[in-house]
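Data from model06.txt: compact mmCIF, C-alpha atoms
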# COMPACT_ATOMS: atom_id res chain seq x y z
CA MET B 1052 0.00 0.00 0.00
CA LYS B 1053 2.94 2.32 -0.57
CA ARG B 1054 0.98 4.22 -3.17
CA GLY B 1055 -2.48 3.66 -1.75
CA LEU B 1056 -5.12 0.98 -2.10
CA ARG B 1057 -7.63 0.94 -4.93
CA LEU B 1058 -11.03 -0.63 -4.33
CA GLU B 1059 -13.96 -1.54 -6.57
CA PRO B 1060 -17.53 -2.14 -5.38
CA ILE B 1061 -18.63 -5.76 -5.02
CA GLY B 1062 -22.28 -4.78 -4.73
CA VAL B 1063 -24.81 -2.09 -3.97
CA VAL B 1064 -27.36 -1.24 -1.26
CA ARG B 1065 -31.05 -0.92 -2.13
CA SER B 1066 -32.86 1.16 0.47
CA ARG B 1067 -35.96 3.28 0.87
CA PHE B 1068 -33.68 6.13 1.98
CA LYS B 1069 -33.05 7.84 -1.33
CA GLU B 1070 -31.07 10.81 -0.02
CA PRO B 1071 -28.81 11.31 3.01
CA ALA B 1072 -31.41 13.75 4.35
CA ASP B 1073 -33.94 10.87 4.49
CA LEU B 1074 -31.87 9.17 7.21
CA PRO B 1075 -32.37 10.41 10.77
CA PRO B 1076 -29.15 10.66 12.80
CA PRO B 1077 -29.06 7.66 15.15
CA ALA B 1078 -29.32 9.93 18.21
CA PHE B 1079 -32.62 11.34 16.92
CA ALA B 1080 -34.20 8.21 15.47
CA PRO B 1081 -37.23 6.80 17.26
CA ARG B 1082 -36.42 3.74 19.36
CA GLY B 1083 -36.17 0.66 17.16
CA PHE B 1084 -36.31 2.75 13.98
CA PHE B 1085 -33.27 1.19 12.32
CA GLU B 1086 -34.02 -2.31 13.58
CA ARG B 1087 -37.25 -2.11 11.57
CA SER B 1088 -35.54 -0.67 8.51
CA LEU B 1089 -35.50 -3.22 5.67
CA GLY B 1090 -33.60 -3.34 2.40
CA THR B 1091 -31.20 -5.43 0.35
CA VAL B 1092 -27.54 -5.78 -0.45
CA GLU B 1093 -27.16 -6.86 -4.07
CA VAL B 1094 -23.85 -8.51 -4.86
CA ARG B 1095 -22.50 -8.33 -8.40
CA PRO B 1096 -22.86 -11.56 -10.40
CA GLU B 1097 -19.07 -12.05 -10.64
CA PHE B 1098 -18.80 -12.12 -6.82
CA ALA B 1099 -21.93 -14.18 -6.07
CA ALA B 1100 -19.93 -17.34 -5.25
CA GLY B 1101 -18.43 -15.44 -2.31
CA LEU B 1102 -21.83 -15.58 -0.54
CA ASP B 1103 -21.88 -19.36 -0.24
CA ARG B 1104 -23.10 -20.43 3.25
CA ILE B 1105 -23.44 -16.87 4.54
CA GLU B 1106 -26.85 -17.99 5.86
CA ASP B 1107 -24.97 -19.72 8.71
CA TYR B 1108 -24.74 -16.26 10.26
CA SER B 1109 -27.54 -14.16 11.70
CA HIS B 1110 -25.70 -10.85 11.22
CA ILE B 1111 -23.24 -9.42 8.69
CA VAL B 1112 -20.71 -6.61 8.74
CA VAL B 1113 -21.02 -4.44 5.64
CA LEU B 1114 -18.13 -2.16 4.67
CA PHE B 1115 -19.16 0.54 2.25
CA HIS B 1116 -18.16 3.75 0.55
CA PHE B 1117 -19.70 6.95 1.99
CA HIS B 1118 -20.21 8.01 -1.62
CA ARG B 1119 -22.36 11.05 -0.75
CA ALA B 1120 -20.09 12.37 1.99
CA GLY B 1121 -18.28 15.19 0.24
CA TYR B 1122 -15.11 16.60 1.78
CA ALA B 1123 -13.27 15.15 4.77
CA LYS B 1124 -12.97 16.83 8.17
CA LEU B 1125 -10.75 16.08 11.16
CA ARG B 1126 -13.19 17.53 13.74
CA VAL B 1127 -16.94 17.13 13.74
CA THR B 1128 -19.90 17.93 15.97
CA PRO B 1129 -22.24 14.92 15.86
CA PRO B 1130 -26.00 15.61 15.81
CA GLY B 1131 -27.30 15.97 19.36
CA GLN B 1132 -23.89 16.75 20.81
CA LYS B 1133 -22.59 20.16 21.76
CA LYS B 1134 -18.84 19.75 21.66
CA GLU B 1135 -16.58 19.03 18.74
CA ARG B 1136 -14.73 15.74 18.65
CA GLY B 1137 -12.19 14.08 16.39
CA VAL B 1138 -13.66 12.39 13.34
CA PHE B 1139 -12.12 9.06 14.46
CA ALA B 1140 -14.13 9.45 17.69
CA SER B 1141 -17.33 9.78 15.63
CA ARG B 1142 -19.26 7.85 12.98
CA SER B 1143 -19.46 10.92 10.73
CA PRO B 1144 -19.25 10.20 6.97
CA HIS B 1145 -16.75 13.05 6.50
CA ARG B 1146 -13.67 10.86 7.01
CA PRO B 1147 -10.16 10.98 5.52
CA ASN B 1148 -10.93 7.57 3.96
CA PRO B 1149 -14.71 7.61 3.37
CA LEU B 1150 -15.31 4.07 4.64
CA GLY B 1151 -18.42 3.10 6.55
CA MET B 1152 -19.27 0.02 8.62
CA SER B 1153 -22.72 -1.25 9.52
CA VAL B 1154 -23.80 -4.43 11.26
CA LEU B 1155 -27.00 -5.68 9.64
CA LYS B 1156 -29.32 -8.56 10.43
CA LEU B 1157 -29.42 -11.10 7.60
CA LEU B 1158 -33.05 -12.09 7.15
CA ARG B 1159 -32.55 -14.35 4.14
CA ARG B 1160 -30.54 -14.81 0.97
CA ASP B 1161 -32.15 -14.94 -2.44
CA GLY B 1162 -29.30 -15.88 -4.78
CA ARG B 1163 -26.97 -12.90 -4.81
CA VAL B 1164 -29.44 -10.65 -2.98
CA LEU B 1165 -29.21 -10.39 0.80
CA HIS B 1166 -32.38 -9.25 2.56
CA VAL B 1167 -31.40 -7.32 5.67
CA SER B 1168 -32.79 -5.29 8.53
CA GLY B 1169 -31.05 -2.64 10.57
CA LEU B 1170 -30.36 -0.73 7.38
CA ASP B 1171 -29.05 2.80 7.93
CA LEU B 1172 -27.67 3.36 4.42
CA VAL B 1173 -28.66 5.40 1.41
CA ASP B 1174 -29.93 3.72 -1.77
CA GLY B 1175 -27.09 3.17 -4.19
CA THR B 1176 -24.36 2.94 -1.53
CA PRO B 1177 -21.40 1.04 -3.04
CA VAL B 1178 -20.59 -2.06 -0.97
CA LEU B 1179 -16.89 -2.89 -0.65
CA ASP B 1180 -16.95 -5.98 1.55
CA ILE B 1181 -19.28 -8.28 3.48
CA LYS B 1182 -18.09 -10.25 6.51
CA PRO B 1183 -19.84 -12.55 8.96
CA TYR B 1184 -20.44 -10.99 12.39
CA THR B 1185 -18.83 -13.24 14.98
CA GLN B 1186 -18.59 -13.56 18.76
CA ARG B 1187 -15.30 -11.65 18.68
CA ASP B 1188 -17.12 -8.58 17.30
CA ARG B 1189 -19.55 -8.61 20.19
CA LYS B 1190 -17.98 -6.80 23.11
CA SER B 1191 -19.60 -6.68 26.50
CA ARG B 1192 -19.30 -3.94 29.11
CA ILE B 1193 -18.59 -1.15 26.67
CA ARG B 1194 -18.38 2.55 27.43
CA THR B 1195 -19.45 5.16 24.87
CA ALA B 1196 -19.70 8.93 24.67
CA ASP B 1197 -23.31 8.63 23.56
CA SER B 1198 -24.38 6.80 26.67
CA LYS B 1199 -23.34 9.77 28.77
CA LYS B 1200 -23.76 12.85 26.62
CA THR B 1201 -26.18 12.45 23.76
CA ALA B 1202 -29.14 14.76 24.09
CA ARG B 1203 -32.17 12.73 23.06
CA PRO B 1204 -35.12 14.77 21.93
CA ALA B 1205 -38.29 14.54 24.02
CA ARG B 1206 -40.81 12.22 22.39
CA MET F 973 -17.00 5.54 -7.06
CA LYS F 974 -17.60 4.91 -10.75
CA ARG F 975 -13.90 4.27 -11.30
CA GLY F 976 -13.08 2.90 -7.87
CA LEU F 977 -12.08 4.38 -4.56
CA ARG F 978 -8.50 5.21 -3.69
CA LEU F 979 -7.41 5.08 -0.04
CA GLU F 980 -4.28 6.15 1.83
CA PRO F 981 -3.26 4.88 5.28
CA ILE F 982 -3.99 7.18 8.22
CA GLY F 983 -1.75 5.14 10.53
CA VAL F 984 -0.01 1.86 11.21
CA VAL F 985 -0.27 -1.05 13.65
CA ARG F 986 2.65 -1.94 15.92
CA SER F 987 2.39 -5.54 17.07
CA ARG F 988 4.58 -8.36 18.38
CA PHE F 989 3.26 -10.48 15.50
CA LYS F 990 5.90 -9.78 12.87
CA GLU F 991 4.64 -12.21 10.23
CA PRO F 992 1.19 -13.59 9.37
CA ALA F 993 2.46 -17.02 10.46
CA ASP F 994 2.97 -15.63 14.00
CA LEU F 995 -0.80 -15.18 14.37
CA PRO F 996 -2.80 -18.26 15.37
CA PRO F 997 -6.13 -18.61 13.55
CA PRO F 998 -8.86 -17.57 16.01
CA ALA F 999 -10.30 -21.10 16.05
CA PHE F 1000 -6.97 -22.48 17.28
CA ALA F 1001 -5.89 -19.71 19.65
CA PRO F 1002 -5.86 -20.53 23.36
CA ARG F 1003 -8.84 -19.09 25.22
CA GLY F 1004 -8.27 -15.40 25.94
CA PHE F 1005 -5.18 -15.28 23.71
CA PHE F 1006 -6.21 -12.24 21.71
CA GLU F 1007 -7.77 -10.47 24.67
CA ARG F 1008 -4.30 -10.46 26.24
CA SER F 1009 -2.59 -9.38 23.03
CA LEU F 1010 -1.27 -5.82 23.38
CA GLY F 1011 0.02 -3.35 20.82
CA THR F 1012 -0.49 0.14 19.43
CA VAL F 1013 -2.15 1.97 16.59
CA GLU F 1014 0.01 4.91 15.59
CA VAL F 1015 -1.86 7.64 13.73
CA ARG F 1016 0.05 9.86 11.33
CA PRO F 1017 0.77 13.37 12.64
CA GLU F 1018 -1.41 15.03 10.01
CA PHE F 1019 -4.46 13.06 11.23
CA ALA F 1020 -3.81 13.28 14.97
CA ALA F 1021 -6.54 15.89 15.53
CA GLY F 1022 -9.05 13.25 14.43
CA LEU F 1023 -8.42 11.35 17.70
CA ASP F 1024 -9.76 14.10 19.94
CA ARG F 1025 -11.97 12.63 22.72
CA ILE F 1026 -11.67 9.06 21.48
CA GLU F 1027 -11.00 8.16 25.14
CA ASP F 1028 -14.76 8.51 25.72
CA TYR F 1029 -15.00 5.03 24.20
CA SER F 1030 -13.79 1.75 25.66
CA HIS F 1031 -13.52 0.01 22.28
CA ILE F 1032 -12.64 1.04 18.74
CA VAL F 1033 -13.31 -0.40 15.29
CA VAL F 1034 -10.15 -0.47 13.20
CA LEU F 1035 -10.44 -0.83 9.43
CA PHE F 1036 -7.20 -1.90 7.82
CA HIS F 1037 -5.55 -3.15 4.67
CA PHE F 1038 -4.73 -6.88 4.59
CA HIS F 1039 -1.42 -5.88 3.06
CA ARG F 1040 0.13 -9.35 3.30
CA ALA F 1041 -2.87 -11.22 1.89
CA GLY F 1042 -1.77 -11.93 -1.68
CA TYR F 1043 -4.37 -12.88 -4.26
CA ALA F 1044 -8.12 -12.86 -3.75
CA LYS F 1045 -10.34 -15.94 -3.65
CA LEU F 1046 -14.11 -16.35 -3.81
CA ARG F 1047 -14.18 -19.62 -1.83
CA VAL F 1048 -12.07 -20.46 1.19
CA THR F 1049 -11.77 -23.21 3.80
CA PRO F 1050 -11.21 -21.53 7.17
CA PRO F 1051 -8.75 -23.16 9.58
CA GLY F 1052 -10.52 -25.78 11.67
CA GLN F 1053 -13.38 -26.17 9.22
CA LYS F 1054 -13.83 -28.96 6.71
CA LYS F 1055 -16.08 -27.44 4.09
CA GLU F 1056 -15.45 -24.59 1.72
CA ARG F 1057 -17.48 -21.42 2.11
CA GLY F 1058 -17.79 -18.13 0.30
CA VAL F 1059 -15.16 -15.57 1.21
CA PHE F 1060 -17.92 -13.13 2.31
CA ALA F 1061 -19.03 -15.83 4.79
CA SER F 1062 -15.49 -15.91 6.24
CA ARG F 1063 -12.97 -13.54 7.78
CA SER F 1064 -10.22 -14.74 5.41
CA PRO F 1065 -7.77 -12.03 4.27
CA HIS F 1066 -8.02 -13.23 0.65
CA ARG F 1067 -10.87 -10.89 -0.25
CA PRO F 1068 -11.79 -9.09 -3.50
CA ASN F 1069 -11.21 -5.81 -1.61
CA PRO F 1070 -8.53 -6.65 0.98
CA LEU F 1071 -10.19 -4.79 3.87
CA GLY F 1072 -10.08 -6.03 7.43
CA MET F 1073 -12.06 -5.04 10.52
CA SER F 1074 -11.09 -5.62 14.15
CA VAL F 1075 -12.72 -4.42 17.34
CA LEU F 1076 -9.98 -3.52 19.83
CA LYS F 1077 -10.09 -2.44 23.44
CA LEU F 1078 -8.69 1.07 23.89
CA LEU F 1079 -6.51 1.00 27.01
CA ARG F 1080 -5.24 4.56 26.77
CA ARG F 1081 -4.20 7.29 24.35
CA ASP F 1082 -0.72 8.78 24.39
CA GLY F 1083 -0.93 11.65 21.91
CA ARG F 1084 -1.37 10.08 18.49
CA VAL F 1085 -0.62 6.57 19.79
CA LEU F 1086 -3.50 4.34 20.86
CA HIS F 1087 -2.61 1.52 23.25
CA VAL F 1088 -4.93 -1.40 22.58
CA SER F 1089 -5.63 -4.98 23.56
CA GLY F 1090 -7.36 -7.64 21.52
CA LEU F 1091 -4.82 -7.13 18.78
CA ASP F 1092 -4.93 -9.78 16.05
CA LEU F 1093 -2.95 -7.87 13.43
CA VAL F 1094 0.52 -8.08 11.94
CA ASP F 1095 3.12 -5.41 12.65
CA GLY F 1096 3.09 -2.77 9.93
CA THR F 1097 -0.57 -3.25 9.00
CA PRO F 1098 -1.77 -0.05 7.28
CA VAL F 1099 -4.73 1.46 9.14
CA LEU F 1100 -7.42 3.04 6.95
CA ASP F 1101 -9.94 4.22 9.51
CA ILE F 1102 -10.73 4.24 13.23
CA LYS F 1103 -14.30 4.45 14.54
CA PRO F 1104 -15.79 4.35 18.02
CA TYR F 1105 -17.53 1.06 18.85
CA THR F 1106 -21.10 1.86 19.84
CA GLN F 1107 -24.16 0.10 21.23
CA ARG F 1108 -25.47 -0.36 17.69
CA ASP F 1109 -22.43 -2.53 16.84
CA ARG F 1110 -23.16 -4.83 19.74
CA LYS F 1111 -25.75 -7.38 18.63
CA SER F 1112 -27.29 -9.84 21.01
CA ARG F 1113 -28.60 -13.31 20.21
CA ILE F 1114 -26.34 -13.90 17.25
CA ARG F 1115 -25.91 -17.16 15.34
CA THR F 1116 -22.57 -18.07 13.76
CA ALA F 1117 -21.14 -20.96 11.79
CA ASP F 1118 -18.28 -21.21 14.25
CA SER F 1119 -20.52 -21.80 17.22
CA LYS F 1120 -21.82 -24.96 15.57
CA LYS F 1121 -19.06 -26.30 13.38
CA THR F 1122 -15.59 -25.13 14.33
CA ALA F 1123 -13.39 -28.01 15.41
CA ARG F 1124 -11.46 -26.74 18.42
CA PRO F 1125 -8.24 -28.57 19.09
CA ALA F 1126 -8.02 -30.55 22.30
CA ARG F 1127 -6.10 -28.66 24.96

Can you turn what I pasted into structure tokens?
Amino acid sequence: MKRGLRLEPIGVVRSRFKEPADLPPPAFAPRGFFERSLGTVEVRPEFAAGLDRIEDYSHIVVLFHFHRAGYAKLRVTPPGQKKERGVFASRSPHRPNPLGMSVLKLLRRDGRVLHVSGLDLVDGTPVLDIKPYTQRDRKSRIRTADSKKTARPAR
Amino acid sequence: MKRGLRLEPIGVVRSRFKEPADLPPPAFAPRGFFERSLGTVEVRPEFAAGLDRIEDYSHIVVLFHFHRAGYAKLRVTPPGQKKERGVFASRSPHRPNPLGMSVLKLLRRDGRVLHVSGLDLVDGTPVLDIKPYTQRDRKSRIRTADSKKTARPAR
């Protein structure tokens, strides 16, 4: 990677969120909003064999390109927070490398189409990689900034 | 991303695992092996401001380049398993886009150096992104292939 790493999409997200503005920031989404959010990940035909036996897993990690993010920042103020923080201490799309990561529930596979819930991505998002979500990704007793400081709107 | 996405490292991993062969496959590692594995993620000076307030989080998601992976495959046989599976149903490094994801415990920050445990990466691994690990990444009641089928060696 001396001169950088070049990536090509292996698939695309299909979602009812057509624009970034259609997606509520997680801190402002109604409880369970994203858990109920359905959509698909469509893998390109030439990579379909890579999905074999993915149904053994209940959840998948999707790595994607924040293709609508625009320019990168080093400091951001996440929605619902008052103080700036480093972009690596946030899930902002405005990252030096515009990579995103979402853990989605795999409802079923239909050939090279994965039906998922938990979808928090815009329609047309280029998918770079899919991985099974394993026990080692599931950390207990975690501490987050959000748990202390996020201002949730009154409902 | 019509013509691909080009990424540059924002940092590097420092680890006692100097070669891929020094890393046991997760299925064959002694219990707690990786939890005890210490190392650092060193962020480049020009990106150091992006780490501001990352200490609010106990765990981080590190996205990295599998820079020692060699050629890509669509089907793999993970260590300790008998049957082939699709590469997207495995954590193999031999991926169409050689991206890796590890969740590490953040022990402390020393300027632009993050001291971590849970390290399962080779020394010199190029780091592409760092994200805080949040409640939404922590799924309960998951099902995995490993939990049913991985042959653990006798100890």

For this session: Extract, using only C-alpha atoms, all DNA, RNA and protein residues at most 7 Å from Ile1111 (chain B), discarding same-chain residues fewer than 6 positions from it, and format them as a ChimeraX atom specification.
Result: /B:1154-1157,1181-1184

Problem set entry | Nearby residues, (-12.8, -11.7, 4.6) file frame, 12 Å, all atoms listed in the file, as number ranges by chain | B: 1101-1102, 1105, 1111-1114, 1179-1184; F: 1036-1038, 1041, 1044-1050, 1057-1074

Exercise. Can you tell me, as number ranges by chain, what residues are no more than 6 Å from Thr1091 (chain B) when counting only C-alpha atoms, ignoring any on the same chain fewer than 6 positions away?
Worked result: B: 1064-1065, 1165-1167

Exercise. Interatomic distance between CA of Leu1089 (chain B) and CA of Tyr1122 (chain B)?
Worked result: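 Computed distance, CA of Leu1089 (chain B) to CA of Tyr1122 (chain B), equals 28.7 Å.
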
Seminar exercise, completed: Restricting to only C-alpha atoms, whichever of B:Leu1172, B:Pro1081, B:Gly1090, B:Arg1119 is closest to chain F is B:Arg1119

Exercise. So which one's closest to chain F, B:Val1094, B:Ala1080, B:Ala1196, B:Leu1170? Using all atoms listed in the file, please.
Worked result: B:Ala1196

Seminar exercise, completed: Students should find that CA of Gln1132 (chain B) and CA of Gln1107 (chain F) are spaced 16.7 Å

Seminar exercise, completed: Using only C-alpha atoms, the shortest atom-to-atom distance to Ser1109 (chain B) among B:Ile1061, B:Val1092, B:Leu1158, B:Val1178 belongs to B:Leu1158

Problem set entry | Separation of CA of Arg1189 (chain B) from CA of Ile1114 (chain F), in Å and rounded to one decimal | 9.1 Å

Problem set entry | Given all atoms listed in the file as the counted atoms, nearest of B:Lys1134, B:Arg1067, B:Arg1057, B:Arg1163 to chain F | B:Arg1057

For this session: Would you list the contacts of Val1173 (chain B) as a ChimeraX atom specification, taking every protein, DNA or RNA residue within 6 Å and counting all atoms listed in the file, but skipping same-chain residues closer than 2 positions in sequence?
Result: /B:1068-1069,1176
